[in-house]
Amino acid sequence: MKILEKAPAKINLSLDVLGNRNDGYHEVKMVMTSIDLADRVECGDLHENRITVRTSAPYVPEDERNFAYQAAKYIKECYDIHRGVEIMIKKNIPVAAGLAGGSTDAAATIRALDKLWHIGMSYKEMQQISAKIGSDVAFCIKGGTALATGRGERIMPLMSLPPCWVVLVKPNVSVSTAQIYKDLDSQPIIHPDVDAMIRAIEKEDFQTICGLLGNSLEPVTMRRVADIAKIKDHMKAIGAEGILMSGSGPTVFALTQHESRMLRLMNGMRGYCSQVFAVRLCKPFTLLSEYE
Ligand SMILES: C[C@](O)(CO)[C@H](O)COP(=O)(O)OP(=O)(O)OC[C@H]1O[C@@H](n2ccc(N)nc2=O)[C@H](O)[C@@H]1O
Ligand SMILES: Nc1ncnc2c1ncn2[C@@H]1O[C@H](COP(=O)(O)OP(=O)(O)OP(=O)(O)O)[C@@H](O)[C@H]1O
């Protein structure tokens, strides 16, 4: 038997870093939303009791360093499962791009194995497994739009955003999330207004949402990747309601409700970068445990 799961990327609409924690991580407060740029994760029975991972992308590890592998390993340990699994990941999300590509693959693997192995995991149990893998995994279990706090693993669902296009531009470099958080420690932090963002989402006020886009990590990554400022300037010149770098970067996204602007952005930005995507937002997943 095989289970197929969609694994959508995320963008951060508001990302505030509140300070350092004792565990080496940073305390964050952020609003995230899932987008329709997605990997495809397929989990199938394997006759031997082991985990295999194959991916369609050349530079993604296929051993225990892959977050999907780690998800399967923790589930086998926690639920004492003596079955093997073959995981195939079709990568469409750019790697190390600030879009939670690895995290969403891990979350999709958790949802898939819950079904394949008939475990009946609760949302809370899924979140406990997620926290062992990475900070962004917990959000990716349900996706949609949510407030994430703690080191990013405490999730509170929010209303969906008003419908819009998301145009993504990925410069041809990758950044390390750990390095960006480390760089932040030697710089003054800018603080976006996360609470105002939540209020704007509740009011379904698209223009205010766009005006409040903000990311404490953006100036940090910009120091390493000069292209980010250039991409933002080009997108601004073409026209979009809001523009921001996602997560630790370097991907920049623009939000617009006008198809004509989305097309202009796509065509205009393709001349600067090879990786340009225009997608819609992605609804949250309903988990099996929620049907009962
Ligand atoms: C930048 C974001 O993507 C925004 O959503 C997340 O905060 C990062 O989430 P992630 O990639 O899942 O990060 P993790 O795999 O948990 O951590 C990678 C590294 O980033 C740093 N890190 C991450 C999250 C956090 N709240 N504080 C941190 O300082 C730590 O050095 C950690 O070793
Ligand atoms: N399934 C996976 N897909 C992509 N990368 C993976 C995967 N599993 C492990 N990795 C490793 O994770 C690293 C970060 O990749 P990822 O695409 O998750 O970064 P990111 O989008 O910047 O993450 P985030 O936004 O959560 O900080 C890669 O360099 C890769 O070695």
# chains A, B, ... in the order shown; residues from 1 in each chain; ligands from 1
call {"tool": "residues_near_ligand", "arguments": {"ligand": "ligand 2", "cutoff": "6 Å", "atoms": "only C-alpha atoms and all ligand atoms", "output": "list of chain:residue names"}}
result
A:Val60, A:Pro61, A:Arg65, A:Asn66, A:Phe67, A:Ala68, A:Val95, A:Ala96, A:Ala97, A:Gly98, A:Leu99, A:Ala100, A:Gly101, A:Gly102, A:Ser103, A:Asp105, A:Asp136, A:Thr177, A:Gly247, A:Ser248
call {"tool": "select_by_dssp", "arguments": {"residues": "region 65-225 of chain A", "states": "strand (DSSP E or B)", "output": "CSV table (one decimal) with N, CA and C atoms, in the first residue's frame"}}
result
chain,number,residue,atom,x,y,z
A,84,GLY,N,8.8,-1.7,7.8
A,84,GLY,CA,9.7,-0.9,7.0
A,84,GLY,C,8.9,0.1,6.1
A,85,VAL,N,9.5,1.2,5.7
A,85,VAL,CA,8.8,2.1,4.8
A,85,VAL,C,9.8,2.7,3.8
A,86,GLU,N,9.2,2.9,2.6
A,86,GLU,CA,9.9,3.4,1.4
A,86,GLU,C,9.4,4.8,1.2
A,87,ILE,N,10.2,5.9,1.3
A,87,ILE,CA,9.7,7.2,1.2
A,87,ILE,C,10.3,7.8,-0.1
A,88,MET,N,9.4,8.3,-0.9
A,88,MET,CA,9.8,9.0,-2.2
A,88,MET,C,9.4,10.5,-2.1
A,89,ILE,N,10.3,11.4,-2.3
A,89,ILE,CA,10.0,12.8,-2.2
A,89,ILE,C,10.2,13.5,-3.5
A,90,LYS,N,9.2,14.0,-4.1
A,90,LYS,CA,9.3,14.8,-5.4
A,90,LYS,C,9.5,16.2,-4.9
A,145,THR,N,-3.1,29.2,8.1
A,145,THR,CA,-2.4,30.4,8.7
A,145,THR,C,-2.4,30.2,10.2
A,146,ALA,N,-1.3,30.6,10.8
A,146,ALA,CA,-1.2,30.3,12.3
A,146,ALA,C,-0.2,31.3,12.9
A,147,LEU,N,-0.3,31.5,14.2
A,147,LEU,CA,0.7,32.2,15.0
A,147,LEU,C,1.6,31.1,15.6
A,148,ALA,N,2.9,31.3,15.5
A,148,ALA,CA,3.9,30.3,16.0
A,148,ALA,C,4.7,31.0,17.1
A,149,THR,N,4.8,30.5,18.3
A,149,THR,CA,5.6,31.1,19.3
A,149,THR,C,6.6,30.0,19.9
A,154,ARG,N,5.1,26.2,19.0
A,154,ARG,CA,3.7,26.3,19.7
A,154,ARG,C,2.8,27.0,18.7
A,155,ILE,N,1.8,26.3,18.3
A,155,ILE,CA,0.9,26.8,17.2
A,155,ILE,C,-0.5,27.2,17.6
A,156,MET,N,-0.9,28.4,17.1
A,156,MET,CA,-2.3,28.8,17.4
A,156,MET,C,-2.9,29.1,16.0
A,157,PRO,N,-4.0,28.4,15.6
A,157,PRO,CA,-4.5,28.6,14.2
A,157,PRO,C,-5.1,30.0,14.1
A,165,TRP,N,-2.5,36.3,-4.8
A,165,TRP,CA,-1.4,35.6,-5.5
A,165,TRP,C,-0.1,35.8,-4.6
A,166,VAL,N,0.7,34.8,-4.6
A,166,VAL,CA,2.1,34.9,-4.0
A,166,VAL,C,3.1,34.7,-5.1
A,167,VAL,N,3.9,35.7,-5.4
A,167,VAL,CA,4.9,35.5,-6.4
A,167,VAL,C,6.3,35.4,-5.6
A,168,LEU,N,7.0,34.3,-5.9
A,168,LEU,CA,8.2,34.0,-5.1
A,168,LEU,C,9.4,34.1,-6.0
A,169,VAL,N,10.5,34.7,-5.5
A,169,VAL,CA,11.7,34.8,-6.3
A,169,VAL,C,12.8,34.3,-5.4
A,170,LYS,N,13.5,33.2,-5.9
A,170,LYS,CA,14.6,32.6,-5.1
A,170,LYS,C,15.9,32.9,-5.8
A,214,GLY,N,6.7,42.1,7.9
A,214,GLY,CA,7.9,42.4,8.5
A,214,GLY,C,8.7,41.2,9.0
A,215,ASN,N,10.0,41.2,9.0
A,215,ASN,CA,10.8,40.0,9.3
A,215,ASN,C,12.1,40.5,10.0
call {"tool": "residues_around", "arguments": {"residues": "Lys182 (chain A)", "least_positions_apart": "6", "cutoff": "10 Å", "atoms": "only C-alpha atoms", "output": "ChimeraX atom specification"}}
result
/A:24-26,176,220
call {"tool": "write_last_selection", "arguments": {"atoms": "C-alpha atoms", "output": "PDB file, in the first residue's frame"}}
result
ATOM      1  CA  GLY A  24      20.515  27.941  22.244  1.00  0.00           C
ATOM      2  CA  TYR A  25      17.423  28.769  20.176  1.00  0.00           C
ATOM      3  CA  HIS A  26      15.713  32.158  19.841  1.00  0.00           C
ATOM      4  CA  SER A 176      21.951  28.451   6.607  1.00  0.00           C
ATOM      5  CA  VAL A 220      20.527  40.086   8.626  1.00  0.00           C
TER       6      VAL A 220
END
call {"tool": "residues_around", "arguments": {"residues": "Ala131 (chain A)", "least_positions_apart": "3", "cutoff": "12 Å", "atoms": "only C-alpha atoms", "output": "list of chain:residue names"}}
result
A:Phe67, A:Gln70, A:Ala71, A:Tyr74, A:Ser103, A:Ala106, A:Ala107, A:Lys124, A:Glu125, A:Met126, A:Gln127, A:Gln128, A:Gly134, A:Ser135, A:Asp136, A:Val137, A:Ala138, A:Phe139, A:Cys140, A:Ile141, A:Gly150, A:Arg151, A:Gly152, A:Glu153, A:Arg154, A:Ile155
call {"tool": "residues_around", "arguments": {"residues": "Met235 (chain A)", "least_positions_apart": "2", "cutoff": "12 Å", "atoms": "only C-alpha atoms", "output": "PyMOL selection string"}}
result
chain A and resi 167-169+228-233+237-245+252-256+261-273+276
call {"tool": "atom_distance", "arguments": {"atom1": "atom 6 (C, counted along the ligand's line) of ligand 1", "atom2": "CA of Leu217 (chain A)"}}
result
9.8 Å
call {"tool": "select_by_dssp", "arguments": {"residues": "region 4-250 of chain A", "states": "helix (DSSP H, G or I)", "output": "PyMOL selection string"}}
result
chain A and resi 67-78+101-116+123-133+137-142+177-184+194-202+206-212+218-224+227-238
call {"tool": "residues_around", "arguments": {"residues": "Lys73 (chain A)", "least_positions_apart": "5", "cutoff": "12 Å", "atoms": "only C-alpha atoms", "output": "list in words"}}
result
Asn49, Arg50, Ile51, Thr52, Val53, Asp63, Glu64, Arg65, Asn66, Phe67, Ala68, Cys78, Tyr79, Asp80, Ile81, His82, Arg83, Gly84, Val85, Ile87, Ala106, Thr109, Ile110, Leu113, Ile129, Ser130, Lys132 and Ile133 of chain A
call {"tool": "write_last_selection", "arguments": {"atoms": "N, CA and C atoms", "output": "JSON list (two decimals), in the first residue's frame"}}
result
[["chain", "number", "residue", "atom", "x", "y", "z"],
["A", 49, "ASN", "N", 12.41, -4.44, 7.60],
["A", 49, "ASN", "CA", 12.14, -3.47, 8.67],
["A", 49, "ASN", "C", 13.20, -2.35, 8.66],
["A", 50, "ARG", "N", 13.16, -1.51, 7.65],
["A", 50, "ARG", "CA", 14.08, -0.36, 7.61],
["A", 50, "ARG", "C", 13.43, 0.79, 6.85],
["A", 51, "ILE", "N", 14.11, 1.96, 6.88],
["A", 51, "ILE", "CA", 13.58, 3.17, 6.24],
["A", 51, "ILE", "C", 14.45, 3.50, 5.04],
["A", 52, "THR", "N", 13.83, 3.70, 3.89],
["A", 52, "THR", "CA", 14.61, 4.21, 2.75],
["A", 52, "THR", "C", 13.99, 5.53, 2.29],
["A", 53, "VAL", "N", 14.86, 6.44, 1.83],
["A", 53, "VAL", "CA", 14.37, 7.73, 1.30],
["A", 53, "VAL", "C", 15.01, 7.97, -0.06],
["A", 63, "ASP", "N", 19.68, 9.93, 3.55],
["A", 63, "ASP", "CA", 19.93, 9.08, 4.72],
["A", 63, "ASP", "C", 19.28, 9.69, 5.96],
["A", 64, "GLU", "N", 19.81, 9.38, 7.14],
["A", 64, "GLU", "CA", 19.17, 9.84, 8.39],
["A", 64, "GLU", "C", 19.20, 11.36, 8.55],
["A", 65, "ARG", "N", 19.92, 12.07, 7.67],
["A", 65, "ARG", "CA", 19.90, 13.54, 7.72],
["A", 65, "ARG", "C", 18.63, 14.11, 7.11],
["A", 66, "ASN", "N", 17.93, 13.29, 6.30],
["A", 66, "ASN", "CA", 16.68, 13.78, 5.71],
["A", 66, "ASN", "C", 15.59, 13.85, 6.79],
["A", 67, "PHE", "N", 14.88, 14.98, 6.85],
["A", 67, "PHE", "CA", 13.87, 15.17, 7.90],
["A", 67, "PHE", "C", 12.72, 14.16, 7.80],
["A", 68, "ALA", "N", 12.45, 13.69, 6.59],
["A", 68, "ALA", "CA", 11.40, 12.67, 6.42],
["A", 68, "ALA", "C", 11.87, 11.35, 7.05],
["A", 78, "CYS", "N", 8.55, 5.63, 18.86],
["A", 78, "CYS", "CA", 7.48, 6.02, 19.81],
["A", 78, "CYS", "C", 6.35, 5.01, 19.85],
["A", 79, "TYR", "N", 6.00, 4.43, 18.69],
["A", 79, "TYR", "CA", 4.84, 3.54, 18.63],
["A", 79, "TYR", "C", 5.24, 2.08, 18.48],
["A", 80, "ASP", "N", 6.53, 1.79, 18.66],
["A", 80, "ASP", "CA", 7.05, 0.42, 18.65],
["A", 80, "ASP", "C", 6.60, -0.33, 17.39],
["A", 81, "ILE", "N", 6.89, 0.28, 16.25],
["A", 81, "ILE", "CA", 6.45, -0.28, 14.98],
["A", 81, "ILE", "C", 7.61, -1.03, 14.32],
["A", 82, "HIS", "N", 7.37, -2.29, 13.95],
["A", 82, "HIS", "CA", 8.44, -3.12, 13.36],
["A", 82, "HIS", "C", 8.14, -3.35, 11.88],
["A", 83, "ARG", "N", 7.88, -2.26, 11.19],
["A", 83, "ARG", "CA", 7.60, -2.35, 9.75],
["A", 83, "ARG", "C", 8.54, -1.41, 9.02],
["A", 84, "GLY", "N", 8.79, -1.70, 7.76],
["A", 84, "GLY", "CA", 9.67, -0.85, 6.97],
["A", 84, "GLY", "C", 8.86, 0.12, 6.13],
["A", 85, "VAL", "N", 9.52, 1.18, 5.68],
["A", 85, "VAL", "CA", 8.84, 2.15, 4.82],
["A", 85, "VAL", "C", 9.80, 2.69, 3.76],
["A", 87, "ILE", "N", 10.22, 5.86, 1.34],
["A", 87, "ILE", "CA", 9.71, 7.24, 1.21],
["A", 87, "ILE", "C", 10.28, 7.84, -0.08],
["A", 106, "ALA", "N", 8.82, 16.44, 6.35],
["A", 106, "ALA", "CA", 8.73, 15.67, 7.61],
["A", 106, "ALA", "C", 7.28, 15.61, 8.07],
["A", 109, "THR", "N", 5.30, 13.27, 6.01],
["A", 109, "THR", "CA", 5.65, 11.88, 6.35],
["A", 109, "THR", "C", 4.89, 11.45, 7.61],
["A", 110, "ILE", "N", 4.78, 12.35, 8.58],
["A", 110, "ILE", "CA", 4.03, 12.02, 9.82],
["A", 110, "ILE", "C", 2.56, 11.74, 9.47],
["A", 113, "LEU", "N", 2.40, 8.34, 7.52],
["A", 113, "LEU", "CA", 2.64, 7.12, 8.30],
["A", 113, "LEU", "C", 1.52, 6.87, 9.30],
["A", 129, "ILE", "N", 6.20, 14.74, 18.04],
["A", 129, "ILE", "CA", 7.19, 14.15, 17.11],
["A", 129, "ILE", "C", 7.86, 15.29, 16.33],
["A", 130, "SER", "N", 7.05, 16.25, 15.87],
["A", 130, "SER", "CA", 7.55, 17.37, 15.06],
["A", 130, "SER", "C", 8.66, 18.12, 15.77],
["A", 132, "LYS", "N", 10.85, 17.21, 17.77],
["A", 132, "LYS", "CA", 12.14, 16.53, 17.81],
["A", 132, "LYS", "C", 12.93, 16.78, 16.52],
["A", 133, "ILE", "N", 12.22, 17.14, 15.44],
["A", 133, "ILE", "CA", 12.88, 17.23, 14.13],
["A", 133, "ILE", "C", 13.35, 18.66, 13.84]]
call {"tool": "closest_residue", "arguments": {"among": "A:Leu15, A:Ala108, A:Val31, A:Met197", "to": "Phe285 (chain A)", "atoms": "only C-alpha atoms"}}
result
A:Ala108
call {"tool": "closest_residue", "arguments": {"among": "A:Asp114, A:Glu218, A:Asp195, A:Glu202", "to": "ligand 1", "atoms": "only C-alpha atoms and all ligand atoms"}}
result
A:Glu218
call {"tool": "residues_around", "arguments": {"residues": "region 4-8 of chain A", "least_positions_apart": "2", "cutoff": "7 Å", "atoms": "only C-alpha atoms", "output": "PDB file with C-alpha atoms, in the first residue's frame"}}
result
ATOM      1  CA  LYS A   2       1.108   3.581  -0.699  1.00  0.00           C
ATOM      2  CA  LYS A  10       5.283  28.244   4.047  1.00  0.00           C
ATOM      3  CA  SER A  34       0.977  27.761   3.672  1.00  0.00           C
ATOM      4  CA  ILE A  35       1.284  28.291  -0.052  1.00  0.00           C
ATOM      5  CA  ASP A  36       0.484  26.128  -3.035  1.00  0.00           C
ATOM      6  CA  LEU A  37       4.115  25.452  -3.933  1.00  0.00           C
ATOM      7  CA  ALA A  38       4.407  21.873  -2.739  1.00  0.00           C
ATOM      8  CA  ASP A  39       6.579  18.758  -2.639  1.00  0.00           C
ATOM      9  CA  ARG A  40       4.941  15.351  -3.018  1.00  0.00           C
ATOM     10  CA  VAL A  41       5.720  12.721  -0.391  1.00  0.00           C
ATOM     11  CA  GLU A  42       4.850   9.082  -1.027  1.00  0.00           C
ATOM     12  CA  CYS A  43       5.188   6.474   1.749  1.00  0.00           C
ATOM     13  CA  THR A 104       6.987  20.179   5.341  1.00  0.00           C
ATOM     14  CA  ASP A 105       8.339  16.860   4.000  1.00  0.00           C
ATOM     15  CA  ALA A 108       3.798  15.066   5.354  1.00  0.00           C
ATOM     16  CA  ALA A 112       1.263   9.623   5.758  1.00  0.00           C
TER      17      ALA A 112
END
call {"tool": "closest_residue", "arguments": {"among": "A:Leu116, A:Val175, A:Met159, A:Ala196", "to": "Ile209 (chain A)", "atoms": "only C-alpha atoms"}}
result
A:Ala196
call {"tool": "atom_distance", "arguments": {"atom1": "CA of Cys282 (chain A)", "atom2": "CA of Leu158 (chain A)"}}
result
13.4 Å
call {"tool": "closest_residue", "arguments": {"among": "A:Ile119, A:Ala200, A:Leu46, A:Met32", "to": "ligand 1", "atoms": "only C-alpha atoms and all ligand atoms"}}
result
A:Met32
call {"tool": "closest_residue", "arguments": {"among": "A:Ser160, A:Leu184, A:Val225, A:Gln179", "to": "Leu281 (chain A)", "atoms": "only C-alpha atoms"}}
result
A:Ser160
call {"tool": "atom_distance", "arguments": {"atom1": "CA of Gly144 (chain A)", "atom2": "CA of Arg111 (chain A)"}}
result
15.2 Å
call {"tool": "closest_residue", "arguments": {"among": "A:Lys29, A:His258, A:Arg280, A:Arg199", "to": "ligand 1", "atoms": "only C-alpha atoms and all ligand atoms"}}
result
A:Lys29
call {"tool": "decode", "arguments": {"residues": "region 157-171 of chain A", "atoms": "N, CA and C atoms", "output": "PDB file, in the first residue's frame"}}
result
ATOM      1  N   PRO A 157      -3.960  28.385  15.571  1.00  0.00           N
ATOM      2  CA  PRO A 157      -4.516  28.645  14.234  1.00  0.00           C
ATOM      3  C   PRO A 157      -5.149  30.034  14.123  1.00  0.00           C
ATOM      4  N   LEU A 158      -5.044  30.627  12.957  1.00  0.00           N
ATOM      5  CA  LEU A 158      -5.666  31.921  12.665  1.00  0.00           C
ATOM      6  C   LEU A 158      -6.588  31.752  11.456  1.00  0.00           C
ATOM      7  N   MET A 159      -7.387  32.784  11.209  1.00  0.00           N
ATOM      8  CA  MET A 159      -8.244  32.779  10.007  1.00  0.00           C
ATOM      9  C   MET A 159      -7.385  32.757   8.744  1.00  0.00           C
ATOM     10  N   SER A 160      -7.961  32.248   7.660  1.00  0.00           N
ATOM     11  CA  SER A 160      -7.232  32.271   6.382  1.00  0.00           C
ATOM     12  C   SER A 160      -7.068  33.705   5.915  1.00  0.00           C
ATOM     13  N   LEU A 161      -6.039  33.939   5.113  1.00  0.00           N
ATOM     14  CA  LEU A 161      -5.846  35.266   4.505  1.00  0.00           C
ATOM     15  C   LEU A 161      -6.879  35.476   3.412  1.00  0.00           C
ATOM     16  N   PRO A 162      -7.196  36.729   3.085  1.00  0.00           N
ATOM     17  CA  PRO A 162      -8.025  36.958   1.895  1.00  0.00           C
ATOM     18  C   PRO A 162      -7.308  36.359   0.670  1.00  0.00           C
ATOM     19  N   PRO A 163      -8.062  35.893  -0.334  1.00  0.00           N
ATOM     20  CA  PRO A 163      -7.420  35.266  -1.498  1.00  0.00           C
ATOM     21  C   PRO A 163      -6.435  36.217  -2.162  1.00  0.00           C
ATOM     22  N   CYS A 164      -5.287  35.693  -2.560  1.00  0.00           N
ATOM     23  CA  CYS A 164      -4.289  36.528  -3.244  1.00  0.00           C
ATOM     24  C   CYS A 164      -3.306  35.633  -3.980  1.00  0.00           C
ATOM     25  N   TRP A 165      -2.496  36.268  -4.796  1.00  0.00           N
ATOM     26  CA  TRP A 165      -1.379  35.583  -5.455  1.00  0.00           C
ATOM     27  C   TRP A 165      -0.121  35.801  -4.631  1.00  0.00           C
ATOM     28  N   VAL A 166       0.735  34.786  -4.606  1.00  0.00           N
ATOM     29  CA  VAL A 166       2.050  34.915  -3.977  1.00  0.00           C
ATOM     30  C   VAL A 166       3.085  34.670  -5.072  1.00  0.00           C
ATOM     31  N   VAL A 167       3.872  35.702  -5.361  1.00  0.00           N
ATOM     32  CA  VAL A 167       4.946  35.545  -6.359  1.00  0.00           C
ATOM     33  C   VAL A 167       6.258  35.408  -5.600  1.00  0.00           C
ATOM     34  N   LEU A 168       6.968  34.298  -5.857  1.00  0.00           N
ATOM     35  CA  LEU A 168       8.205  34.006  -5.113  1.00  0.00           C
ATOM     36  C   LEU A 168       9.407  34.099  -6.032  1.00  0.00           C
ATOM     37  N   VAL A 169      10.462  34.729  -5.537  1.00  0.00           N
ATOM     38  CA  VAL A 169      11.705  34.821  -6.306  1.00  0.00           C
ATOM     39  C   VAL A 169      12.831  34.295  -5.431  1.00  0.00           C
ATOM     40  N   LYS A 170      13.506  33.241  -5.911  1.00  0.00           N
ATOM     41  CA  LYS A 170      14.586  32.621  -5.127  1.00  0.00           C
ATOM     42  C   LYS A 170      15.928  32.950  -5.783  1.00  0.00           C
ATOM     43  N   PRO A 171      16.744  33.813  -5.130  1.00  0.00           N
ATOM     44  CA  PRO A 171      18.078  34.087  -5.683  1.00  0.00           C
ATOM     45  C   PRO A 171      18.893  32.796  -5.743  1.00  0.00           C
TER      46      PRO A 171
END
